[in-house]
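Coordinates as given in my_file.cif (mmCIF, C-alpha atoms):
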```cif
data_final
loop_
_atom_site.label_atom_id
_atom_site.label_comp_id
_atom_site.auth_asym_id
_atom_site.auth_seq_id
_atom_site.Cartn_x
_atom_site.Cartn_y
_atom_site.Cartn_z
CA MET B 1 0.00 0.00 0.00
CA LEU B 2 1.27 3.46 -0.85
CA LEU B 3 1.32 5.70 2.18
CA GLY B 4 3.26 8.69 0.93
CA ASP B 5 0.73 10.27 -1.40
CA ILE B 6 -1.66 11.38 1.28
CA SER B 7 -2.79 15.02 1.17
CA GLY B 8 0.18 16.27 -0.83
CA ILE B 9 2.72 15.64 1.90
CA THR B 10 5.88 13.72 1.06
CA ILE B 11 6.44 10.90 3.53
CA THR B 12 9.57 8.76 3.92
CA ASN B 13 11.06 6.54 6.58
CA VAL B 14 14.65 7.73 6.05
CA GLU B 15 16.27 10.80 7.63
CA ALA B 16 15.79 12.89 4.51
CA VAL B 17 13.88 13.03 1.30
CA PRO B 18 16.49 11.84 -1.22
CA GLY B 19 17.38 14.59 -3.68
CA ARG B 20 15.72 17.37 -1.65
CA LYS B 21 17.08 19.70 1.00
CA VAL B 22 15.37 20.19 4.36
CA THR B 23 15.04 23.90 5.10
CA GLU B 24 13.03 23.89 8.30
CA HIS B 25 12.13 21.50 11.14
CA TYR B 26 8.78 21.52 12.90
CA GLY B 27 9.30 18.69 15.38
CA VAL B 28 7.41 15.47 15.93
CA VAL B 29 4.00 14.86 14.44
CA GLN B 30 1.90 11.82 15.11
CA GLY B 31 -1.33 10.17 14.17
CA SER B 32 -3.03 7.27 15.85
CA THR B 33 -6.21 5.26 15.80
CA VAL B 34 -7.66 2.64 18.12
CA ARG B 35 -9.51 -0.18 16.39
CA ALA B 36 -11.59 -3.07 17.62
CA LYS B 37 -12.24 -6.21 15.60
CA HIS B 38 -15.83 -7.26 15.16
CA VAL B 39 -17.46 -10.53 16.07
CA GLY B 40 -18.11 -11.77 12.54
CA ARG B 41 -14.47 -11.48 11.65
CA ASP B 42 -13.56 -13.18 14.89
CA ILE B 43 -15.66 -16.21 14.10
CA MET B 44 -14.15 -16.48 10.63
CA ALA B 45 -10.70 -16.12 12.14
CA GLY B 46 -11.51 -18.88 14.63
CA LEU B 47 -12.38 -21.22 11.76
CA LYS B 48 -9.36 -20.19 9.73
CA ASN B 49 -7.23 -20.99 12.75
CA LEU B 50 -7.82 -24.69 12.24
CA VAL B 51 -6.33 -24.80 8.77
CA GLY B 52 -3.83 -21.99 9.17
CA GLY B 53 -3.06 -19.32 6.61
CA GLU B 54 -3.86 -15.69 6.14
CA LEU B 55 -6.63 -13.97 8.06
CA LYS B 56 -7.66 -11.54 5.32
CA GLY B 57 -10.21 -9.71 7.47
CA TYR B 58 -7.55 -8.77 9.98
CA THR B 59 -5.04 -7.83 7.30
CA GLN B 60 -7.59 -5.42 5.85
CA LEU B 61 -8.50 -4.04 9.26
CA LEU B 62 -4.92 -3.26 10.17
CA GLN B 63 -4.17 -1.81 6.74
CA ASP B 64 -7.09 0.60 7.00
CA ALA B 65 -6.02 1.55 10.50
CA ARG B 66 -2.47 2.24 9.43
CA LYS B 67 -3.63 4.33 6.50
CA ASP B 68 -5.79 6.39 8.85
CA ALA B 69 -2.92 6.88 11.28
CA VAL B 70 -0.62 8.12 8.51
CA GLU B 71 -3.35 10.40 7.19
CA ARG B 72 -3.81 11.99 10.60
CA MET B 73 -0.08 12.44 10.94
CA ALA B 74 0.08 14.10 7.51
CA ARG B 75 -2.80 16.41 8.41
CA GLN B 76 -1.02 17.50 11.58
CA ALA B 77 2.10 18.20 9.55
CA SER B 78 0.25 20.30 6.99
CA GLU B 79 -1.39 22.31 9.77
CA LEU B 80 2.10 23.22 10.97
CA GLY B 81 3.02 24.40 7.48
CA ALA B 82 5.28 21.45 6.68
CA ASN B 83 5.36 19.78 3.28
CA ALA B 84 7.03 16.51 4.29
CA VAL B 85 7.27 14.06 7.16
CA ILE B 86 10.56 12.18 7.40
CA ASN B 87 11.84 9.25 9.47
CA VAL B 88 8.36 7.82 10.00
CA ARG B 89 7.99 4.93 12.44
CA PHE B 90 5.07 2.67 13.28
CA ALA B 91 4.14 1.32 16.68
CA THR B 92 1.29 -0.86 17.86
CA SER B 93 -0.02 -1.51 21.32
CA SER B 94 -2.97 -3.54 22.51
CA VAL B 95 -5.24 -1.42 24.64
CA THR B 96 -7.87 -3.86 25.86
CA GLN B 97 -9.08 -7.25 24.76
CA GLY B 98 -9.55 -7.28 21.03
CA ALA B 99 -8.53 -3.67 20.45
CA ALA B 100 -5.26 -2.22 19.27
CA GLU B 101 -3.77 1.22 18.86
CA ILE B 102 -1.88 1.92 15.66
CA LEU B 103 0.54 4.82 15.89
CA ALA B 104 2.53 6.53 13.17
CA TYR B 105 5.04 9.25 14.05
CA GLY B 106 7.72 11.21 12.30
CA THR B 107 9.43 14.57 11.97
CA ALA B 108 7.63 17.32 10.08
CA VAL B 109 9.93 19.36 7.86
CA LYS B 110 9.86 21.85 5.03
CA LEU B 111 11.67 20.93 1.85
CA GLY B 112 13.39 23.43 -0.41
CA ASP B 113 12.64 23.59 -4.12
CA ASP B 114 15.94 22.10 -5.15
CA ALA B 115 14.57 19.02 -6.85
CA HIS B 116 16.69 17.87 -9.74
CA MET R 1 -15.63 -39.06 25.28
CA LEU R 2 -14.91 -41.04 22.16
CA ILE R 3 -16.67 -38.41 20.08
CA GLU R 4 -14.49 -35.68 21.55
CA PHE R 5 -11.39 -37.71 20.85
CA LEU R 6 -12.46 -38.27 17.26
CA ILE R 7 -13.14 -34.58 16.77
CA VAL R 8 -9.66 -33.70 18.00
CA VAL R 9 -8.11 -36.32 15.72
CA PHE R 10 -10.15 -35.01 12.80
CA LEU R 11 -9.01 -31.44 13.48
CA LEU R 12 -5.40 -32.56 13.72
CA VAL R 13 -5.60 -34.37 10.40
CA LEU R 14 -7.42 -31.43 8.82
CA GLY R 15 -4.84 -29.02 10.18
CA PHE R 16 -1.95 -31.17 9.02
CA THR R 17 -3.13 -31.76 5.46
CA SER R 18 -4.57 -28.34 4.69
CA GLY R 19 -1.76 -26.55 6.50
CA LYS R 20 0.83 -28.47 4.51
CA LEU R 21 -1.03 -27.91 1.25
CA LEU R 22 -1.45 -24.19 1.81
CA GLU R 23 2.17 -23.86 2.82
CA LEU R 24 3.43 -25.59 -0.32
CA ARG R 25 1.19 -23.51 -2.53
CA HIS R 26 2.21 -20.31 -0.78
CA TYR R 27 5.94 -21.05 -1.09
CA LYS R 28 5.49 -21.71 -4.78
CA SER R 29 3.80 -18.35 -5.29
CA ILE R 30 6.42 -16.59 -3.12
CA ARG R 31 9.30 -18.03 -5.15
CA GLU R 32 7.71 -17.06 -8.46
CA ARG R 33 7.01 -13.51 -7.38
CA GLU R 34 10.41 -13.08 -5.76
CA ALA R 35 12.05 -14.08 -9.02
CA ARG R 36 9.95 -11.49 -10.84
CA TRP R 37 10.95 -8.76 -8.39
CA SER R 38 14.59 -9.68 -7.93
CA ALA R 39 15.76 -6.75 -10.10
CA VAL R 40 14.22 -4.25 -7.67
CA PRO R 41 16.07 -4.72 -4.40
CA ALA R 42 14.81 -3.83 -0.96
CA VAL R 43 17.71 -2.76 1.22
CA THR R 44 18.08 -1.87 4.89
CA PHE R 45 20.42 1.09 4.26
CA ARG R 46 19.30 4.45 5.51
CA THR R 47 21.00 6.39 2.75
CA LEU R 48 21.21 5.85 -0.97
CA PRO R 49 24.07 3.58 -2.03
CA ASP R 50 24.87 5.76 -5.07
CA GLN R 51 24.80 9.43 -5.98
CA ARG R 52 22.21 9.32 -8.73
CA PRO R 53 19.52 11.98 -8.91
CA VAL R 54 16.19 10.93 -7.46
CA ALA R 55 12.91 11.78 -9.14
CA ALA R 56 10.49 10.68 -6.43
CA SER R 57 10.37 8.99 -3.06
CA VAL R 58 7.37 7.68 -1.22
CA LEU R 59 6.59 5.63 1.89
CA VAL R 60 5.24 2.17 1.08
CA ALA R 61 4.07 -0.67 3.28
CA GLY R 62 2.88 -4.23 2.97
CA SER R 63 1.34 -6.35 5.65
CA VAL R 64 -0.18 -9.73 6.30
CA VAL R 65 -1.96 -11.37 9.23
CA ILE R 66 -1.42 -15.09 9.46
CA SER R 67 -2.35 -17.85 11.83
CA ILE R 68 -0.95 -21.27 12.54
CA ASP R 69 -2.89 -24.46 11.88
CA PHE R 70 -4.27 -26.84 14.50
CA TRP R 71 -1.63 -29.49 13.93
CA LYS R 72 1.29 -27.11 14.37
CA ARG R 73 -0.32 -25.60 17.41
CA PHE R 74 -0.61 -29.09 18.85
CA LEU R 75 3.08 -29.72 18.12
CA SER R 76 4.13 -26.47 19.71
CA GLY R 77 2.03 -27.38 22.75
CA LEU R 78 4.03 -30.59 23.08
CA ARG R 79 7.28 -28.74 22.51
CA SER R 80 6.57 -26.27 25.26
CA ILE R 81 6.73 -29.14 27.74
CA PHE R 82 10.33 -29.92 26.85
CA GLY R 83 11.48 -26.48 25.71
CA GLY R 84 13.66 -25.80 22.71
CA GLU R 85 13.04 -24.26 19.34
CA LEU R 86 9.51 -24.30 17.98
CA LEU R 87 10.41 -25.47 14.50
CA SER R 88 6.81 -25.49 13.34
CA TYR R 89 6.62 -21.72 13.77
CA SER R 90 9.68 -20.78 11.69
CA PRO R 91 8.18 -21.36 8.23
CA LEU R 92 5.14 -19.41 9.31
CA PHE R 93 7.14 -16.27 10.08
CA ASP R 94 9.33 -16.81 7.04
CA ARG R 95 6.29 -16.93 4.77
CA ALA R 96 4.71 -13.91 6.40
CA ARG R 97 7.81 -11.70 6.12
CA ARG R 98 8.45 -12.60 2.50
CA GLU R 99 4.79 -12.09 1.64
CA ALA R 100 4.78 -8.68 3.33
CA VAL R 101 7.87 -7.57 1.38
CA LEU R 102 6.31 -8.78 -1.88
CA ARG R 103 3.08 -6.88 -1.20
CA MET R 104 5.10 -3.80 -0.42
CA LYS R 105 6.95 -4.10 -3.73
CA GLU R 106 3.80 -4.86 -5.69
CA SER R 107 2.12 -1.72 -4.37
CA CYS R 108 4.77 0.42 -6.08
CA PRO R 109 5.69 -1.15 -9.42
CA LYS R 110 7.51 1.98 -10.66
CA ALA R 111 10.17 1.93 -7.95
CA ASP R 112 13.85 1.30 -8.70
CA LEU R 113 14.90 0.66 -5.10
CA PHE R 114 13.27 0.22 -1.70
CA LEU R 115 15.32 2.04 0.89
CA ASN R 116 15.45 1.48 4.65
CA LEU R 117 13.28 -1.61 4.86
CA ARG R 118 11.96 -2.23 8.36
CA PHE R 119 9.92 -5.07 9.76
CA GLU R 120 7.45 -4.93 12.55
CA THR R 121 5.73 -7.91 14.08
CA VAL R 122 2.58 -7.47 16.11
CA SER R 123 0.86 -10.20 18.05
CA ILE R 124 -2.82 -9.48 17.69
CA SER R 125 -3.85 -12.53 19.65
CA LYS R 126 -3.20 -10.86 22.98
CA GLY R 127 -6.23 -11.10 25.18
CA ALA R 128 -8.04 -13.50 22.87
CA GLY R 129 -7.07 -16.43 25.01
CA ARG R 130 -4.91 -19.18 23.60
CA ARG R 131 -7.32 -20.02 20.80
CA ILE R 132 -6.03 -17.54 18.30
CA GLY R 133 -2.32 -17.63 17.63
CA SER R 134 -2.00 -15.05 14.92
CA VAL R 135 0.56 -12.38 14.14
CA GLU R 136 0.72 -9.41 11.85
CA VAL R 137 3.91 -8.78 9.96
CA LEU R 138 4.43 -5.31 8.53
CA ALA R 139 7.20 -4.38 6.12
CA TYR R 140 7.75 -0.73 5.24
CA SER R 141 10.32 1.27 3.36
CA THR R 142 10.86 4.30 1.18
CA ALA R 143 10.38 3.57 -2.51
CA ILE R 144 12.88 5.42 -4.70
CA ARG R 145 12.58 6.23 -8.38
CA TYR R 146 15.74 7.46 -10.05
CA ALA R 147 15.57 10.32 -12.50
CA ASP R 148 18.08 8.95 -14.98
CA GLU R 149 17.12 5.29 -15.05
CA VAL R 150 17.09 3.78 -18.51
CA ARG R 151 14.19 1.39 -18.40
CA SER R 152 13.12 -1.36 -20.66
CA GLU R 153 9.64 0.02 -20.29
CA GLU R 154 7.54 -1.83 -18.03
CA THR R 155 8.28 -5.45 -18.49
CA ARG R 156 7.32 -6.09 -14.90
#
```

Output the structure of this file as structure tokens.
Amino acid sequence: MLLGDISGITITNVEAVPGRKVTEHYGVVQGSTVRAKHVGRDIMAGLKNLVGGELKGYTQLLQDARKDAVERMARQASELGANAVINVRFATSSVTQGAAEILAYGTAVKLGDDAH
Amino acid sequence: MLIEFLIVVFLLVLGFTSGKLLELRHYKSIREREARWSAVPAVTFRTLPDQRPVAASVLVAGSVVISIDFWKRFLSGLRSIFGGELLSYSPLFDRARREAVLRMKESCPKADLFLNLRFETVSISKGAGRRIGSVEVLAYSTAIRYADEVRSEETR
């Protein structure tokens, strides 16, 4: 899944945007979402557990959640006036039974117009 | 009592056969796709290995949630009595990581290089009791497209 195209903000997980110069730092921005799985998916997952393999429902759920988290992070960055978020990291923590928090965080920066 | 025993045996056989079958099929697909993508490397460097101009860079991710079959879970239950390596789990993680990397690559077919690949593994079975032994594997990196690349236009 492409995560860098969201709301016109360039996103990378390295310390720079290759080929561009960072002109200003805005500090850490983050986006997170807490998701619960629903019962239907749980039952399907329980069945799938017997034969093993991919649990597509959960894959989808976590993908959507991660996309949301990145989107929120990008929105926070654009509110600060940044046009890129660099060095993005993901973290996940389980909050309660059957729910998880997906967190994306990075450094909001402004890039100069020195693209090749 | 006998019925319960038969059900467990049935589940073990089902888990063993279908788990094995799915694993073989999955490995076949992984090998084919990896061969197709071998020209576009994913590296764990944090900086570009060469000084070529870059046209675009973008964050990409691929993920998969997988679970272990009944037979392997039974084996790992036995193993946890004696300790030692849970061999039945290793192919599971291997498959998941390689699948995640492939999905990441497939989401960005125009890339020339995937920089700073990172893996994250999340156990989403926490709190669901011991019934569900599933993990999510996430692979993410920065896709790079060079400005000067001479491409044999999209054979991929």

task = Taking all atoms listed in the file into account, report as a list in words which residues of chain R lie within 6 Å of chain B.
result = Gly15, Ser18, Gly19, Arg46, Val54, Val58, Leu59, Val60, Ala61, Gly62, Val64, Val65, Ile66, Ser67, Ile68, Asp69, Phe70, Ser107, Gly127 and Thr142 of chain R

Spatial neighbours of Val43 of chain R, max dist 9 Å, only C-alpha atoms, sep filter under 5 positions, as a PyMOL selection string = chain R and resi 113-117+141

All residues 12 Å or closer to Ser90 of chain R, all atoms listed in the file, same chain fewer than 5 positions away omitted, as a PDB file with C-alpha atoms, in the coordinates of the input:
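Below you can see out_35.pdb, which holds the result:
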```pdb
ATOM      1  CA  ILE R  68      -0.950 -21.270  12.540  1.00  0.00           C
ATOM      2  CA  LYS R  72       1.290 -27.110  14.370  1.00  0.00           C
ATOM      3  CA  SER R  76       4.130 -26.470  19.710  1.00  0.00           C
ATOM      4  CA  GLU R  85      13.040 -24.260  19.340  1.00  0.00           C
ATOM      5  CA  ARG R  95       6.290 -16.930   4.770  1.00  0.00           C
ATOM      6  CA  ALA R  96       4.710 -13.910   6.400  1.00  0.00           C
ATOM      7  CA  ARG R  97       7.810 -11.700   6.120  1.00  0.00           C
TER       8      ARG R  97
END
```

message = Considering only C-alpha atoms, can you say which of B:Gln76, B:Val70, B:Gly112, B:Ile102 comes closest to Tyr26 of chain B?
response = B:Gln76

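Of the residues under consideration (R:Phe82, R:Arg52, R:Ser123, R:Arg98), R:Arg98 shows the shortest atom-to-atom contact distance to Glu32 of chain R when counting all atoms listed in the file.
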
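Atom CA of Ala111 of chain R lies 8.1 Å from atom CA of Tyr146 of chain R.
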
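Atom CA of Arg35 of chain B to atom CA of Glu106 of chain R spans 26.2 Å [interatomic distance, one decimal].
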
inquiry  = Can you spell out as a count of residues only the set of residues that the PyMOL selection byres ((chain B and resi 81) around 12) selects in the structure I just provided?
reply    = 22

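Atom CA of Val101 of chain R is found 23.9 Å from atom CA of Ala147 of chain R.
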
task = Tell me which residues the PyMOL selection byres ((chain R and resi 99) around 10) grabs here, as a ChimeraX atom specification.
result = /R:26-27,29-30,33-34,62-64,93-98,100-105,137-139

Residue contacts of segment 71-73 of chain B (9 Å, all atoms listed in the file) excluding same-chain residues fewer than 6 positions away, as a PyMOL selection string = chain B and resi 3+6-7+29-33+85+104-106

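Closest approach to Glu120 of chain R among R:Val135, R:Leu12, R:Ala55, R:Cys108 is made by R:Val135 (distances from all atoms listed in the file).
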
inquiry  = I need the output of the PyMOL selection byres ((chain R and resi 40) around 6) for this file as a count of residues only; which residues are they?
reply    = 6
